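Undergrad: My structure is in model.cif, and what it holds is mmCIF, C-alpha atoms:
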```cif
data_upload
loop_
_atom_site.label_atom_id
_atom_site.label_comp_id
_atom_site.auth_asym_id
_atom_site.auth_seq_id
_atom_site.Cartn_x
_atom_site.Cartn_y
_atom_site.Cartn_z
CA MET N 278 118.26 145.47 100.31
CA GLN N 279 117.66 144.45 96.71
CA ASN N 280 119.96 141.48 97.22
CA LEU N 281 118.11 140.46 100.33
CA ILE N 282 114.75 140.49 98.53
CA ALA N 283 116.22 138.53 95.64
CA PHE N 284 117.65 136.00 98.09
CA ILE N 285 114.35 135.58 99.93
CA SER N 286 112.40 135.11 96.71
CA ARG N 287 114.93 132.50 95.64
CA ILE N 288 114.46 130.46 98.83
CA ARG N 289 110.73 131.27 99.05
CA PHE N 290 109.78 127.69 98.20
CA PHE N 291 112.02 126.34 100.93
CA ILE N 292 110.58 128.79 103.50
CA ILE N 293 107.01 127.76 102.69
CA PHE N 294 107.99 124.10 102.89
CA PHE N 295 109.66 124.76 106.23
CA VAL N 296 106.62 126.57 107.67
CA LEU N 297 104.20 123.83 106.57
CA GLN N 298 106.53 121.12 107.83
CA PHE N 299 106.76 122.91 111.17
CA PHE N 300 102.96 123.06 111.34
CA ALA N 301 102.64 119.32 110.61
CA LEU N 302 105.33 118.28 113.08
CA SER N 303 104.05 120.48 115.89
CA THR N 304 100.52 119.06 115.55
CA TYR N 305 102.02 115.56 115.52
CA VAL N 306 104.06 116.10 118.68
CA SER N 307 101.36 117.97 120.57
CA PHE N 308 98.62 115.49 119.65
CA MET N 309 100.75 112.55 120.72
CA SER N 310 101.22 114.02 124.18
CA ALA N 311 97.99 115.91 124.86
CA PRO N 312 95.31 116.38 122.20
CA ARG N 313 93.49 119.69 122.27
CA SER N 314 90.84 119.28 119.60
CA SER N 315 89.18 116.39 117.86
CA TYR N 316 88.94 117.91 114.36
CA PHE N 317 91.62 115.93 112.61
CA THR N 318 91.15 112.57 114.32
CA THR N 319 88.67 109.74 113.90
CA ALA N 320 86.68 111.29 116.77
CA SER N 321 85.53 114.06 114.43
CA TYR N 322 81.99 114.07 113.07
CA ILE N 323 82.76 113.17 109.45
CA THR N 324 85.39 110.47 109.93
CA GLY N 325 83.60 109.10 112.98
CA ASN N 326 80.48 108.54 110.92
CA LEU N 327 82.46 107.09 108.00
CA PHE N 328 83.96 104.48 110.31
CA GLU N 329 80.53 103.83 111.83
CA ILE N 330 79.29 102.94 108.33
CA ARG N 331 82.32 100.74 107.69
CA HIS N 332 81.78 99.05 111.04
CA SER N 333 78.13 98.31 110.24
CA ILE N 334 79.39 96.25 107.29
CA THR N 335 82.34 94.49 108.91
CA GLN N 336 80.88 93.86 112.38
CA HIS N 337 79.34 90.55 111.33
CA PHE N 338 82.72 88.98 110.66
CA LEU N 339 83.56 88.91 114.37
CA LEU N 340 80.07 88.20 115.65
CA GLU N 341 80.51 84.55 116.60
CA ASN N 342 83.67 84.99 118.64
CA ASN N 343 82.34 88.10 120.36
CA ASN N 344 79.15 86.30 121.33
CA LYS N 345 81.16 83.45 122.82
CA ALA N 346 83.31 85.85 124.85
CA LEU N 347 80.25 87.68 126.17
CA GLN N 348 78.51 84.41 126.99
CA LYS N 349 81.52 83.25 128.96
CA GLU N 350 81.62 86.52 130.84
CA ASN N 351 77.92 86.16 131.68
CA ILE N 352 78.50 82.67 133.07
CA ASP N 353 81.39 83.94 135.20
CA LEU N 354 79.24 86.78 136.52
CA ARG N 355 76.37 84.43 137.30
CA LYS N 356 78.74 82.18 139.19
CA SER N 357 79.86 85.04 141.39
CA SER N 358 76.48 86.67 141.96
CA SER N 359 74.84 85.77 145.24
CA LEU N 360 71.46 85.54 143.50
CA PHE N 361 72.56 82.45 141.60
CA LEU N 362 74.30 80.69 144.45
CA TYR N 363 72.76 78.06 146.62
CA SER N 364 72.88 79.38 150.14
CA LYS N 365 73.78 76.94 152.90
CA GLU N 366 72.53 79.22 155.62
CA ALA N 367 69.30 81.02 154.97
CA GLN N 368 70.31 84.21 156.77
CA GLN N 369 73.49 84.84 154.78
CA SER N 370 72.05 84.75 151.28
CA ARG N 371 72.19 88.52 150.82
CA VAL N 372 75.30 90.62 150.59
CA GLU N 373 75.43 93.37 153.17
CA ASP N 374 75.16 96.37 150.84
CA SER N 375 75.80 99.11 153.36
CA SER N 376 79.36 97.97 153.87
CA PHE N 377 80.26 98.52 150.20
CA ALA N 378 80.23 101.68 148.13
CA GLN N 379 80.40 101.76 144.37
CA GLN N 380 83.80 103.05 143.28
CA TYR N 381 83.78 102.36 139.53
CA GLU N 382 81.17 102.98 136.89
CA TYR N 383 81.24 101.11 133.58
CA THR N 384 79.94 102.20 130.18
CA PRO N 385 79.74 99.54 127.47
CA GLY N 386 80.82 100.49 123.96
CA LEU N 387 81.96 99.18 120.60
CA ILE N 388 85.27 99.59 118.79
CA ILE N 389 84.40 100.82 115.29
CA ASN N 390 87.93 101.28 113.94
CA SER N 391 91.24 99.84 115.03
CA THR N 392 94.71 98.99 113.81
CA THR N 393 97.22 96.68 115.44
CA THR N 394 100.32 96.75 113.26
CA LYS N 395 101.30 100.43 113.33
CA ARG N 396 103.82 101.82 115.80
CA ASN N 397 101.05 103.70 117.62
CA ASN N 398 97.64 102.10 117.43
CA PHE N 399 94.52 104.05 118.29
CA PHE N 400 91.02 102.60 118.53
CA THR N 401 87.85 104.58 117.77
CA LEU N 402 84.80 104.00 119.99
CA ASN N 403 81.17 104.66 119.11
CA ILE N 404 80.53 106.42 122.44
CA GLY N 405 81.57 109.94 123.41
CA GLU N 406 81.01 112.92 125.69
CA LEU N 407 77.26 112.38 125.43
CA HIS N 408 77.72 109.10 127.34
CA GLY N 409 79.98 110.69 129.92
CA ILE N 410 83.29 109.61 128.38
CA LYS N 411 86.19 111.89 129.33
CA LYS N 412 89.87 112.01 128.49
CA GLY N 413 91.97 109.76 130.71
CA MET N 414 89.37 107.10 131.51
CA GLY N 415 90.40 103.45 131.32
CA VAL N 416 89.12 101.00 128.69
CA PHE N 417 89.07 97.23 129.09
CA SER N 418 87.38 94.17 127.61
CA SER N 419 86.14 90.96 129.15
CA LYS N 420 89.58 89.40 128.53
CA GLY N 421 91.95 92.20 129.39
CA VAL N 422 93.06 95.79 129.50
CA VAL N 423 92.66 97.80 126.26
CA GLY N 424 93.88 101.36 126.79
CA ILE N 425 93.17 104.88 127.95
CA VAL N 426 90.78 107.42 126.37
CA HIS N 427 92.95 109.92 124.48
CA ASN N 428 90.51 112.25 122.81
CA THR N 429 86.74 112.69 122.75
CA SER N 430 84.03 114.35 120.67
CA GLU N 431 80.30 114.43 121.23
CA HIS N 432 79.56 111.00 119.78
CA PHE N 433 82.93 109.30 119.39
CA SER N 434 86.16 108.86 121.28
CA VAL N 435 89.70 107.77 120.45
CA VAL N 436 91.51 105.32 122.71
CA LYS N 437 95.27 105.20 123.05
CA SER N 438 95.61 101.42 123.12
CA VAL N 439 98.24 99.40 124.96
CA LEU N 440 99.79 98.96 121.51
CA THR N 441 101.40 102.42 121.60
CA LYS N 442 104.69 103.90 122.68
CA ASN N 443 104.64 105.32 126.21
CA ILE N 444 101.36 103.76 127.29
CA ASN N 445 102.74 103.19 130.83
CA ILE N 446 99.90 101.45 132.63
CA ASP N 447 100.62 100.41 136.24
CA VAL N 448 100.64 96.64 136.44
CA LEU N 449 101.16 94.11 139.18
CA LEU N 450 102.65 90.60 139.08
CA THR N 451 100.29 88.89 141.47
CA GLU N 452 102.49 85.90 142.28
CA VAL N 453 105.51 87.92 143.40
CA GLY N 454 103.67 91.09 144.39
CA ALA N 455 105.95 93.38 142.39
CA SER N 456 104.59 96.27 140.36
CA GLY N 457 105.93 97.79 137.17
CA MET N 458 104.99 99.67 134.01
CA LEU N 459 103.38 98.08 130.94
CA LYS N 460 105.02 99.02 127.63
CA TRP N 461 104.98 97.86 124.02
CA SER N 462 107.99 97.46 121.74
CA GLY N 463 106.06 97.81 118.49
CA GLN N 464 106.78 94.49 116.80
CA ASN N 465 104.16 91.98 117.81
CA SER N 466 100.60 92.82 118.79
CA ASN N 467 100.43 89.77 121.10
CA ILE N 468 103.54 90.57 123.12
CA GLY N 469 104.11 93.49 125.48
CA TYR N 470 106.66 94.00 128.20
CA VAL N 471 106.83 95.18 131.80
CA SER N 472 109.72 97.31 133.00
CA GLY N 473 110.73 98.63 136.36
CA ILE N 474 110.82 95.38 138.34
CA SER N 475 114.13 94.89 140.11
CA ASN N 476 116.13 91.89 138.80
CA ASP N 477 116.86 90.46 142.23
CA ILE N 478 113.27 89.21 142.33
CA SER N 479 112.90 85.89 140.54
CA ILE N 480 109.87 85.80 138.27
CA PRO N 481 108.29 82.40 137.54
CA LEU N 482 107.22 82.00 133.90
CA GLY N 483 103.47 82.03 133.44
CA SER N 484 102.80 84.38 136.38
CA LYS N 485 99.69 86.45 136.01
CA VAL N 486 99.96 90.17 135.24
CA VAL N 487 97.02 92.37 136.26
CA THR N 488 96.41 96.11 136.60
CA SER N 489 97.48 97.46 139.97
CA GLY N 490 95.07 100.38 140.20
CA GLY N 491 98.02 102.56 141.12
CA SER N 492 97.06 105.62 139.13
CA GLY N 493 93.35 105.41 139.79
CA ILE N 494 92.44 104.79 136.15
CA PHE N 495 91.75 101.06 136.31
CA PRO N 496 90.35 99.01 139.18
CA ARG N 497 92.87 96.60 140.68
CA GLY N 498 92.95 93.17 139.09
CA ILE N 499 91.96 93.61 135.45
CA GLU N 500 93.79 90.97 133.45
CA VAL N 501 96.71 92.02 131.25
CA GLY N 502 98.50 88.81 130.36
CA LEU N 503 100.93 86.07 131.37
CA VAL N 504 104.72 86.26 131.77
CA LYS N 505 106.40 84.65 128.79
CA GLN N 506 110.08 85.39 129.22
CA THR N 507 112.36 87.50 131.43
CA ARG N 508 115.34 89.34 129.99
CA THR N 509 118.09 91.41 131.56
CA VAL N 510 118.68 94.90 130.21
CA GLU N 511 122.31 95.92 129.87
CA GLY N 512 123.30 98.54 132.42
CA GLU N 513 120.03 98.45 134.29
CA ALA N 514 119.07 96.73 137.52
CA SER N 515 115.62 95.77 136.34
CA TRP N 516 114.07 93.03 134.25
CA GLN N 517 112.45 93.42 130.90
CA ILE N 518 109.58 90.97 131.32
CA ASP N 519 107.90 89.90 128.09
CA ILE N 520 104.25 89.13 128.56
CA GLU N 521 101.67 87.60 126.29
CA PHE N 522 98.51 89.71 126.24
CA SER N 523 95.39 87.83 127.27
CA GLN N 524 93.34 89.87 124.79
CA LYS N 525 93.94 89.50 121.05
CA TYR N 526 93.51 93.10 119.97
CA GLY N 527 92.95 92.29 116.30
CA ALA N 528 89.56 90.69 116.97
CA LEU N 529 88.21 92.97 119.65
CA GLU N 530 84.85 94.66 119.53
CA ASN N 531 83.00 94.90 122.85
CA ILE N 532 84.68 97.05 125.49
CA TYR N 533 83.86 98.84 128.72
CA VAL N 534 84.95 102.34 129.66
CA VAL N 535 85.63 102.60 133.38
CA ARG N 536 85.12 105.76 135.40
CA ASN N 537 86.58 106.07 138.86
CA LEU N 538 84.04 107.91 141.02
CA PHE N 539 86.71 108.65 143.63
CA LEU N 540 89.33 109.91 141.18
CA ASP N 541 89.29 113.55 142.36
CA GLU N 542 89.64 112.46 145.96
CA PHE N 543 92.45 110.06 144.97
CA LYS N 544 94.32 112.84 143.17
CA THR N 545 93.99 115.38 145.98
CA VAL N 546 95.28 112.87 148.51
CA GLN N 547 98.25 112.02 146.29
CA ASN N 548 99.16 115.64 145.68
CA GLN N 549 99.19 116.60 149.32
CA MET Q 1462 86.36 114.56 80.99
CA SER Q 1463 88.32 117.65 81.81
CA GLN Q 1464 91.78 117.38 83.30
CA LEU Q 1465 90.63 118.95 86.59
CA LYS Q 1466 87.78 116.48 87.02
CA ILE Q 1467 90.12 113.53 86.50
CA TYR Q 1468 92.54 114.76 89.14
CA PHE Q 1469 89.72 115.42 91.60
CA LEU Q 1470 88.21 111.95 91.13
CA ARG Q 1471 91.67 110.46 91.45
CA LEU Q 1472 92.14 112.35 94.75
CA VAL Q 1473 88.93 110.87 96.17
CA LEU Q 1474 89.95 107.41 94.94
CA PHE Q 1475 93.41 107.61 96.51
CA LEU Q 1476 91.97 108.89 99.81
CA PHE Q 1477 89.49 106.02 99.89
CA LEU Q 1478 92.12 103.40 98.99
CA GLN Q 1479 94.62 104.68 101.54
CA SER Q 1480 92.22 105.21 104.46
CA PHE Q 1481 89.81 102.35 104.10
CA ILE Q 1482 91.80 99.67 102.33
CA PHE Q 1483 95.56 99.98 102.82
CA ASN Q 1484 95.49 101.45 106.34
CA GLN Q 1485 93.20 98.62 107.41
CA LEU Q 1486 95.34 95.88 105.87
CA GLU Q 1487 97.15 94.32 108.78
CA ILE Q 1488 99.63 92.01 107.14
CA SER Q 1489 102.50 92.31 109.59
CA ALA Q 1490 104.00 94.92 111.89
CA SER Q 1491 106.65 95.89 109.34
CA ILE Q 1492 104.37 96.35 106.35
CA HIS Q 1493 102.46 99.59 105.98
CA VAL Q 1494 101.41 100.13 102.37
CA MET Q 1495 101.29 103.84 101.46
CA ILE Q 1496 100.02 104.83 98.05
CA ALA Q 1497 99.25 108.51 98.65
CA PRO Q 1498 102.71 109.60 97.37
CA LEU Q 1499 101.78 108.21 93.95
CA TYR Q 1500 99.02 110.83 93.66
CA LEU Q 1501 101.52 113.66 94.16
CA PHE Q 1502 103.96 111.97 91.79
CA LEU Q 1503 101.39 111.70 88.98
CA LEU Q 1504 100.45 115.41 89.01
CA PRO Q 1505 101.45 117.08 85.72
CA PHE Q 1506 105.03 118.25 85.13
CA GLU Q 1507 104.09 121.89 84.70
CA ARG Q 1508 102.42 122.15 88.11
CA SER Q 1509 104.07 124.84 90.24
CA LYS Q 1510 106.12 123.78 93.24
CA LEU Q 1511 103.81 125.72 95.53
CA SER Q 1512 100.63 123.97 94.35
CA LEU Q 1513 102.41 120.65 94.94
CA LEU Q 1514 103.03 121.60 98.58
CA LEU Q 1515 99.40 122.70 99.05
CA MET Q 1516 98.18 119.46 97.46
CA ALA Q 1517 100.41 117.50 99.85
CA LEU Q 1518 98.97 119.46 102.78
CA VAL Q 1519 95.35 118.73 101.79
CA LEU Q 1520 96.01 115.05 101.08
CA GLY Q 1521 98.04 114.63 104.27
CA ILE Q 1522 95.47 116.21 106.57
CA ALA Q 1523 92.69 114.12 105.02
CA ILE Q 1524 94.63 110.87 105.54
CA ASP Q 1525 95.71 111.84 109.06
CA ALA Q 1526 92.11 112.53 110.01
CA THR Q 1527 91.11 108.97 109.14
CA SER Q 1528 94.08 107.12 110.59
CA ASN Q 1529 94.75 108.87 113.93
CA THR Q 1530 98.27 109.86 112.98
CA PHE Q 1531 97.93 113.60 113.68
CA GLY Q 1532 100.30 115.14 111.12
CA LEU Q 1533 102.54 112.16 110.43
CA HIS Q 1534 101.26 111.61 106.88
CA THR Q 1535 101.14 115.38 106.27
CA SER Q 1536 104.76 115.80 107.23
CA SER Q 1537 106.05 112.96 105.05
CA LEU Q 1538 103.89 113.97 102.06
CA LEU Q 1539 105.21 117.54 102.35
CA LEU Q 1540 108.73 116.15 102.18
CA PHE Q 1541 107.76 114.13 99.10
CA ALA Q 1542 106.32 117.24 97.41
CA PHE Q 1543 109.43 119.22 98.33
CA LEU Q 1544 111.82 116.64 96.88
CA ARG Q 1545 109.85 115.92 93.69
CA PRO Q 1546 111.03 118.98 91.69
CA LEU Q 1547 114.64 118.40 92.79
CA ILE Q 1548 114.68 114.74 91.75
CA PHE Q 1549 112.85 115.54 88.51
CA ARG Q 1550 115.54 118.10 87.65
CA VAL Q 1551 118.31 115.55 88.31
CA PHE Q 1552 116.72 112.91 86.08
CA SER Q 1553 115.44 115.30 83.43
CA PRO Q 1554 115.83 114.10 79.81
CA ARG Q 1555 118.26 116.10 77.60
CA GLU Q 1556 115.50 118.01 75.79
CA GLY Q 1557 113.46 118.68 78.97
CA TYR Q 1558 110.07 117.30 79.90
CA ASP Q 1559 107.30 117.09 77.32
CA SER Q 1560 104.30 118.89 78.81
CA LEU Q 1561 101.94 116.59 76.91
CA LYS Q 1562 103.22 113.61 78.85
CA SER Q 1563 102.38 112.68 82.43
CA PRO Q 1564 104.96 111.28 84.89
CA SER Q 1565 103.49 107.77 84.71
CA ILE Q 1566 105.38 104.56 84.03
CA PHE Q 1567 103.85 104.32 80.53
CA ASP Q 1568 104.66 107.83 79.35
CA MET Q 1569 108.17 108.12 80.73
CA GLY Q 1570 109.40 104.54 80.52
CA ASN Q 1571 110.40 101.97 83.11
CA ARG Q 1572 113.93 103.21 83.76
CA TRP Q 1573 113.00 106.81 84.44
CA PHE Q 1574 110.02 105.83 86.61
CA ILE Q 1575 111.91 103.27 88.70
CA SER Q 1576 114.83 105.58 89.46
CA THR Q 1577 112.82 108.73 90.33
CA PHE Q 1578 109.89 107.13 92.10
CA SER Q 1579 111.98 104.70 94.17
CA ILE Q 1580 114.22 107.50 95.50
CA LEU Q 1581 111.22 109.67 96.39
CA LEU Q 1582 109.21 106.81 97.87
CA PHE Q 1583 112.18 105.58 99.90
CA SER Q 1584 112.80 109.02 101.43
CA HIS Q 1585 109.08 109.42 102.13
CA HIS Q 1586 108.91 106.04 103.91
CA LEU Q 1587 112.14 106.61 105.83
CA TRP Q 1588 110.92 110.01 107.09
CA PHE Q 1589 107.55 108.52 108.02
CA PHE Q 1590 108.97 105.62 110.04
CA ILE Q 1591 111.64 107.77 111.75
CA LEU Q 1592 108.94 110.17 112.95
CA GLU Q 1593 106.63 107.32 113.91
CA ALA Q 1594 109.24 105.63 116.11
CA PHE Q 1595 110.74 108.92 117.35
CA SER Q 1596 113.73 107.22 118.98
CA PHE Q 1597 117.23 106.07 118.03
CA ASN Q 1598 116.87 102.75 119.83
CA GLU Q 1599 114.72 101.42 117.02
CA THR Q 1600 117.06 102.10 114.09
CA LEU Q 1601 117.05 98.51 112.87
CA LEU Q 1602 113.28 98.28 113.09
CA ILE Q 1603 112.95 101.57 111.18
CA LEU Q 1604 115.20 100.31 108.38
CA GLN Q 1605 113.38 96.98 108.22
CA LYS Q 1606 110.01 98.74 108.01
CA THR Q 1607 111.26 101.23 105.40
CA ILE Q 1608 112.65 98.55 103.09
CA LEU Q 1609 109.81 96.02 103.40
CA SER Q 1610 107.01 98.59 103.19
CA GLY Q 1611 108.85 100.56 100.50
CA VAL Q 1612 109.18 97.55 98.19
CA ILE Q 1613 105.54 96.53 98.66
CA SER Q 1614 104.23 100.12 98.25
CA PHE Q 1615 106.27 100.40 95.04
CA VAL Q 1616 104.79 97.21 93.59
CA VAL Q 1617 101.27 98.30 94.58
CA CYS Q 1618 101.85 101.72 92.96
CA VAL Q 1619 102.92 100.07 89.69
CA ILE Q 1620 99.86 97.80 89.76
CA LEU Q 1621 97.57 100.79 90.47
CA GLN Q 1622 98.91 102.57 87.40
CA THR Q 1623 98.24 99.60 85.17
CA ILE Q 1624 94.66 99.51 86.45
CA PHE Q 1625 93.67 103.17 86.54
CA ILE Q 1626 95.78 105.01 83.97
CA LYS Q 1627 94.97 104.97 80.30
CA ARG Q 1628 97.96 104.06 78.19
CA THR Q 1629 98.82 106.59 75.54
CA GLY Q 1630 100.60 105.42 72.44
#
```
In structure tokens, what does this structure look like?

TA:
Amino acid sequence: MQNLIAFISRIRFFIIFFVLQFFALSTYVSFMSAPRSSYFTTASYITGNLFEIRHSITQHFLLENNNKALQKENIDLRKSSSLFLYSKEAQQSRVEDSSFAQQYEYTPGLIINSTTTKRNNFFTLNIGELHGIKKGMGVFSSKGVVGIVHNTSEHFSVVKSVLTKNINIDVLLTEVGASGMLKWSGQNSNIGYVSGISNDISIPLGSKVVTSGGSGIFPRGIEVGLVKQTRTVEGEASWQIDIEFSQKYGALENIYVVRNLFLDEFKTVQNQ
Amino acid sequence: MSQLKIYFLRLVLFLFLQSFIFNQLEISASIHVMIAPLYLFLLPFERSKLSLLLMALVLGIAIDATSNTFGLHTSSLLLFAFLRPLIFRVFSPREGYDSLKSPSIFDMGNRWFISTFSILLFSHHLWFFILEAFSFNETLLILQKTILSGVISFVVCVILQTIFIKRTG
């Protein structure tokens, strides 16, 4: 017994180290898969506000480019709205509203903190539960897909961006009609890749990649990027398709959070 | 200023530098400058091993909270604090450590600092990038990141000491 106590006190330091290390690693692994609280992330009250302050200083650096992007989006929207079109036939100037139902709701927000060079990059938004943001909602910008909401607090939320391991967003190659999974290899913030498309389909370079809406998070057709290169993977019957993201994530500020109003219905149908 | 005050101010300074300056520096995908280990390294020689671990825990959680890494920094700083006494024992001078001196590059000399700090910093970085990638397919990328970031972090840590630490003697 005496020996045992002596032994334990000798390795006491190692035991404490081991316990603390276990604590740190288990929070790391569990937060990466499914976060349970927002205390130790940038969604928390203190760090959220710190980044809000930092953002209020640095926001002006990107102002010009962001204004241009928003202006371009406005022009595109005006072009497509029936109110701004010249109608050739007087009776058809209005869209028949009763034949459409609103499926997606959009909440505009700002990115107040982001990184693009780490292995897993998370963005902090200045909107949270108060604005109806929930875990699992999609986030996109006027130029392309951004990520999925990972964690929320009352006033802030953290987005798991497409620049992370295992982001797995359903995407569609419009020109060939094949769908696959969007992934990121961690080296270049402008290049991602699509896996899961069988290599007997030939993929023309420069084909457009958009979201497929397959998991009900994003509407169909949000831009992701253009095909840059196709590569074969040893021992697998599918391509690794390198794509160039249409959005440069380093200079991104204005985003929209998308909420699928039919998501519950979509999930029940899929689970049946 | 009392010793305690200096170490507290230094803690705030390191937290600020790491979270708001070096974590936001986006030089390239392989370069992630980490200076937090230097804080643990510069704690006095006579500090108990246990207080080192607790310090690493506090520092790690604070950095994780501002960089969305959820325990990644905590884990690697704990490893750093665990290895520090072992490495210090290996490189201990013949007459033991002088408790009046601090483990900085000025007090202990270039050779001692380079050998101890580079081993500790390298293991810290390696552990960090292995956990971050979490897969064996990225071994080359992990090594590239460890070496590039390690060298740059080391240089930054030397520069920080020349700026913030008063030379004695």

Undergrad: Given all atoms listed in the file as the basis, pick out the residue of N:Ser475, N:Ser430, N:Thr335, N:Gln380 nearest to N:Phe495.

TA: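 Ranking N:Ser475, N:Ser430, N:Thr335, N:Gln380 by distance to N:Phe495, first place goes to N:Gln380.
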
Undergrad: Counting all atoms listed in the file, collect the residues of chain N whose closest atom lies at most 7 Å from chain Q, and write them out as a list in words.

TA: Phe290, Phe294, Gln298, Ala301, Leu302, Thr304, Tyr305, Phe308, Phe317, Thr318, Thr319, Thr324, Thr392, Thr394, Lys395, Arg396, Phe399, Gln464 and Asn465 of chain N

Undergrad: Could you jot down the atom CA of N:Lys442 to atom CA of Q:Gln1479 separation for me, Å, one decimal place?

TA: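 Value for the atom CA of N:Lys442-atom CA of Q:Gln1479 distance: 23.4 Å.
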
Undergrad: Between atom CA of N:Asn531 and atom CA of N:Gly421, what is the spacing in Å?

TA: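 These atoms are spaced 11.4 Å apart.
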
Undergrad: Need to verify the contact set: stretch 1610-1614 of chain Q, 7 Å, only C-alpha atoms, exclusion of same-chain residues closer than 3 positions in sequence. Can you return it as number ranges by chain?

TA: Q: 1491-1496, 1582-1583, 1586, 1606-1607, 1617-1618

Undergrad: Quick one: axis-aligned box around all listed atoms of stretch 1513-1526 of chain Q, 6 Å on every side, centre and edge lengths in Å to one decimal, written as AutoDock Vina command-line options.

TA:
```
--center_x 97.6 --center_y 116.8 --center_z 102.5 --size_x 22.9 --size_y 23.8 --size_z 27.1
```

Undergrad: Nearest to N:Gly490: which of N:Ser391, N:Asn428, N:Ser438, N:Asn537 is it, counting all atoms listed in the file?

TA: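 With all atoms listed in the file as the atom set, the closest residue is N:Asn537.
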
Undergrad: What does the structure give for the distance between atom CA of Q:Ser1584 and atom CA of Q:Ile1548, in Å to one decimal?

TA: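 Taking atom CA of Q:Ser1584 as the start and atom CA of Q:Ile1548 as the end point, the length is 11.4 Å.
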
Undergrad: Write out as a compact mmCIF listing (two decimals) with C-alpha atoms, keeping the file's coordinate frame each polymer residue whose atoms come within 7 Å of N:Thr488, counting all atoms listed in the file; drop sequence neighbours fewer than 4 positions from it.

TA:
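Resulting contents of around.txt:
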```
# COMPACT_ATOMS: atom_id res chain seq x y z
CA ASP N 447 100.62 100.41 136.24
CA VAL N 448 100.64 96.64 136.44
CA LEU N 449 101.16 94.11 139.18
CA PHE N 495 91.75 101.06 136.31
CA ARG N 497 92.87 96.60 140.68
CA GLY N 498 92.95 93.17 139.09
CA ILE N 499 91.96 93.61 135.45
CA GLU N 500 93.79 90.97 133.45
CA VAL N 501 96.71 92.02 131.25
```

Undergrad: Which is closer to N:Gln348 than all the others in N:Gly409, N:Val510, N:Ser419, N:Ala283, using all atoms listed in the file?

TA: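 Closest residue, counting all atoms listed in the file: N:Ser419.
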
Undergrad: Could you name the residues that touch N:Leu327 at 12 Å or less, counting all atoms listed in the file, but leaving out those on the same chain fewer than 5 positions away, as a VMD selection string?

TA: (chain N and resid 319 to 322 332 to 334 389 to 390 401 403 433) or (chain Q and resid 1477 1480 to 1481 1526 to 1528)

Undergrad: Written as a ChimeraX atom specification, what is the full residue list that the PyMOL selection byres ((chain N and resi 516) around 10) yields on the file shown?

TA: /N:457,470-480,506-511,513-515,517-519

Undergrad: Starting from the shown file, work through the PyMOL selection byres ((chain Q and resi 1549) around 12) and note down what comes out as a short mmCIF file (atom, residue, chain, number, x, y, z; two decimals) with C-alpha atoms, in the coordinates of the input.

TA:
```
data_model
loop_
_atom_site.label_atom_id
_atom_site.label_comp_id
_atom_site.auth_asym_id
_atom_site.auth_seq_id
_atom_site.Cartn_x
_atom_site.Cartn_y
_atom_site.Cartn_z
CA PHE Q 1502 103.96 111.97 91.79
CA PRO Q 1505 101.45 117.08 85.72
CA PHE Q 1506 105.03 118.25 85.13
CA GLU Q 1507 104.09 121.89 84.70
CA LYS Q 1510 106.12 123.78 93.24
CA PHE Q 1541 107.76 114.13 99.10
CA ALA Q 1542 106.32 117.24 97.41
CA PHE Q 1543 109.43 119.22 98.33
CA LEU Q 1544 111.82 116.64 96.88
CA ARG Q 1545 109.85 115.92 93.69
CA PRO Q 1546 111.03 118.98 91.69
CA LEU Q 1547 114.64 118.40 92.79
CA ILE Q 1548 114.68 114.74 91.75
CA ARG Q 1550 115.54 118.10 87.65
CA VAL Q 1551 118.31 115.55 88.31
CA PHE Q 1552 116.72 112.91 86.08
CA SER Q 1553 115.44 115.30 83.43
CA PRO Q 1554 115.83 114.10 79.81
CA GLY Q 1557 113.46 118.68 78.97
CA TYR Q 1558 110.07 117.30 79.90
CA PRO Q 1564 104.96 111.28 84.89
CA MET Q 1569 108.17 108.12 80.73
CA TRP Q 1573 113.00 106.81 84.44
CA PHE Q 1574 110.02 105.83 86.61
CA SER Q 1576 114.83 105.58 89.46
CA THR Q 1577 112.82 108.73 90.33
CA PHE Q 1578 109.89 107.13 92.10
CA ILE Q 1580 114.22 107.50 95.50
CA LEU Q 1581 111.22 109.67 96.39
#
```

Undergrad: Taking 5 positions as the minimum chain separation for residues in the same chain, which residues sit within 12 Å of stretch 1463-1465 of chain Q when counting only C-alpha atoms? Answer as a list in words.

TA: Leu1470, Arg1471, Leu1472, Leu1504, Pro1505 and Ser1563 of chain Q
